[in-house]
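What follows is one structure encoded as C-alpha cells, with my remarks underneath.
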Amino acid sequence: MLRLFFHTQLQLGFAQAAAAALVALLVIILARRRQIHLETETLIAMVRGLVQIIAVGSILVILLRAPRWTSGFLLGGMIVAAGATSARRAKGIPDAFRVSAWSIAFGAGSVIALMTLLGVIDTAITSLVPVGSMLIANAMNTNGLALNRFRSDVLAHVGEIESALALGAEARTSVTPYVQASFEASLIPAIDSLRSLGIVWIPGLMAGILLSGARPVYAAIYQFVVLAMIFAASGLTSLTSSALIGGRIFSPAQQLLLQPGR
C-alpha cells in the first residue's frame with residue numbers, strides 16, 4: 001500500500017512538472033513572436049533544474065543521517081556552482097568566475113557563519129543546508145545582476161570611458177558610476193522582497209514553519225529574519241563583486257579590455 005502511494009505521488013509530481021513547464025514554454029513562444037529568442041537557454045535551464053533538484057533531494061535523504069560537519073562541504077559545493085552560474089552573465093570580463101565565487105563565498109559565507117554562531121541558524125543539517133542554500137542562491141542572483149548590469153553599462157559607454165582615460169583619469173575612476181549603478185540595481189529584488197513581505201507575497205518558509213506547529217508570530221518573525229539575512233548576504237556579495245571587477249576590465253597599461261563584439 002505504501003509503495004503504491006509513493007508510485008502515485010511520483011506520477012502526480014511529474015504531471016505537475018509537465019504542466020508548469022508547458023506554461024513556461026508558452027511564455028517563451030510568446031516572446032519568440034516578438035523576436036526575443038530564449039528557447040535554448042530556457043529549455044536547458046528547466047531540464048537541468050529538474051534533474052539537479054531531484055538529485056539533490058535524493059542526496060539529502062542520505063545527508064540527513066550524516067554528521068553535522070558534512071553540511072560545510074555541501075554548502076561549499078553550492079558556492080562553487082553559484083559562482084560558475086553567475087559568471088555566465090559576465091561574458092568578456094576576465095576572472096569572472098573567480099570574482100563571482102569569492103564574492104559569494106564572502107557575502108553568503110560570512111552571513112551563514114555569523115548567524116550560526118549567534119544561534120539564529122541551527123547547526124542541524126535540516127536547518128543549516130536549506131537556509132544556507134537560500135542565502136547562496138540569492139547571493140548568486142544578485143551577483144549575476146550586478147555583473148550583467150556593469151558589463152552592459154561599460155559596453156554602452158566605451159567612448160566616454162576611453163575619453164576619460166585619454167584625459168588622464170584613473171581606470172577605476174572612469175567606471176565608478178557604472179559600478180555604483182550595478183550595485184544599486186542588483187539589490188532592487190532584495191529590497192522589494194523586504195518591502196512587500198506579507199502584503200504582496202507570503203513566503204513558503206513561513207507556511208512550512210506554521211505546518212510544523214510553530215506559533216504564527218514566530219513563523220512571521222523568522223521569515224523576516226531569513227529575508228534580512230538574504231539582503232545582508234546579497235549586499236555583501238554585490239559590494240565585494242563590484243570592488244573586485246572594476247579593475248579587471250583594464251590591462252596593466254590601463255587600456256579597456258571589454259569591447260563590443262569581443
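Numbering starts fresh at 1 for the residues of each chain in the C-alpha cells, the chains themselves are lettered A, B, ... in the order given, and ligands are numbered from 1 as they appear.
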Neighbour list for A:Thr42 as a ChimeraX atom specification, cut-off 9 Å, only C-alpha atoms, skip fewer than 5 positions in-chain
/A:24-25,28,47
Counting only C-alpha atoms, what is within 7 Å of stretch 178-191 of chain A, bar same-chain residues fewer than 4 positions away, as a ChimeraX atom specification?
/A:142,145-146,149-150,153-154,195,231,235,238-239,242,246
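Picture a line from atom CA of A:Ser241 to atom CA of A:Ser103; it runs 5.3 Å.
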Stretch 53-169 of chain A: which residues are helix (DSSP H, G or I) by DSSP, as a PyMOL selection string?
chain A and resi 53-63+70-87+96-117+125-156+158-166
Residue neighbourhood A:Gly72, 12 Å, only C-alpha atoms, exclusion window fewer than 2 positions, as a ChimeraX atom specification:
/A:63,66-70,74-79,105,109,112-113,116,123-125,128-129,132-133
Next, dump the selected residues to file, keeping only C-alpha atoms, as a PDB file, in the first residue's frame.
ATOM      1  CA  LEU A  63      22.939  13.546   4.236  1.00  0.00           C
ATOM      2  CA  ALA A  66      25.382  12.164   8.171  1.00  0.00           C
ATOM      3  CA  PRO A  67      27.404  14.145  10.763  1.00  0.00           C
ATOM      4  CA  ARG A  68      26.696  17.863  11.003  1.00  0.00           C
ATOM      5  CA  TRP A  69      30.105  18.891   9.671  1.00  0.00           C
ATOM      6  CA  THR A  70      29.283  17.418   6.254  1.00  0.00           C
ATOM      7  CA  LEU A  74      27.666  20.702   0.650  1.00  0.00           C
ATOM      8  CA  LEU A  75      27.439  24.481   1.090  1.00  0.00           C
ATOM      9  CA  GLY A  76      30.963  24.853  -0.323  1.00  0.00           C
ATOM     10  CA  GLY A  77      29.928  22.941  -3.433  1.00  0.00           C
ATOM     11  CA  MET A  78      26.874  25.169  -3.770  1.00  0.00           C
ATOM     12  CA  ILE A  79      29.097  28.266  -3.633  1.00  0.00           C
ATOM     13  CA  ALA A 105      31.764  32.867  -0.545  1.00  0.00           C
ATOM     14  CA  GLY A 109      29.517  32.578   3.800  1.00  0.00           C
ATOM     15  CA  ILE A 112      25.890  31.991   7.361  1.00  0.00           C
ATOM     16  CA  ALA A 113      28.872  31.733   9.732  1.00  0.00           C
ATOM     17  CA  THR A 116      25.156  30.187  13.007  1.00  0.00           C
ATOM     18  CA  THR A 123      23.603  23.721  13.075  1.00  0.00           C
ATOM     19  CA  ALA A 124      21.445  20.702  12.192  1.00  0.00           C
ATOM     20  CA  ILE A 125      21.692  19.756   8.517  1.00  0.00           C
ATOM     21  CA  LEU A 128      21.668  24.844   8.023  1.00  0.00           C
ATOM     22  CA  VAL A 129      21.618  23.459   4.483  1.00  0.00           C
ATOM     23  CA  GLY A 132      22.270  28.406   3.714  1.00  0.00           C
ATOM     24  CA  SER A 133      21.236  27.420   0.207  1.00  0.00           C
TER      25      SER A 133
END
Have a look at A:Pro260, A:Gly49, A:Gly107, A:Gly92 and name the one nearest to A:Leu147; count only C-alpha atoms.
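Residue with the minimum atom-to-atom distance to A:Leu147: A:Gly92.
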Residue nearest A:Ile104 among A:Met140, A:Ile221, A:Leu26, A:Leu194 (counting only C-alpha atoms):
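Ranking A:Met140, A:Ile221, A:Leu26, A:Leu194 by distance to A:Ile104, first place goes to A:Met140.
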Would you compute the distance between atom CA of A:Ile136 and atom CA of A:Ile44? Give it in Å to one decimal.
21.5 Å
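Counting from atom CA of A:Ala139, the distance to atom CA of A:Val225 is 15.9 Å.
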Find the spatial neighbours of A:Arg88, counting only C-alpha atoms, within a cut-off of 9 Å - ignore same-chain residues fewer than 5 positions away - and output them as JSON, numbers by chain.
{"A": [83, 96, 97, 144, 148]}
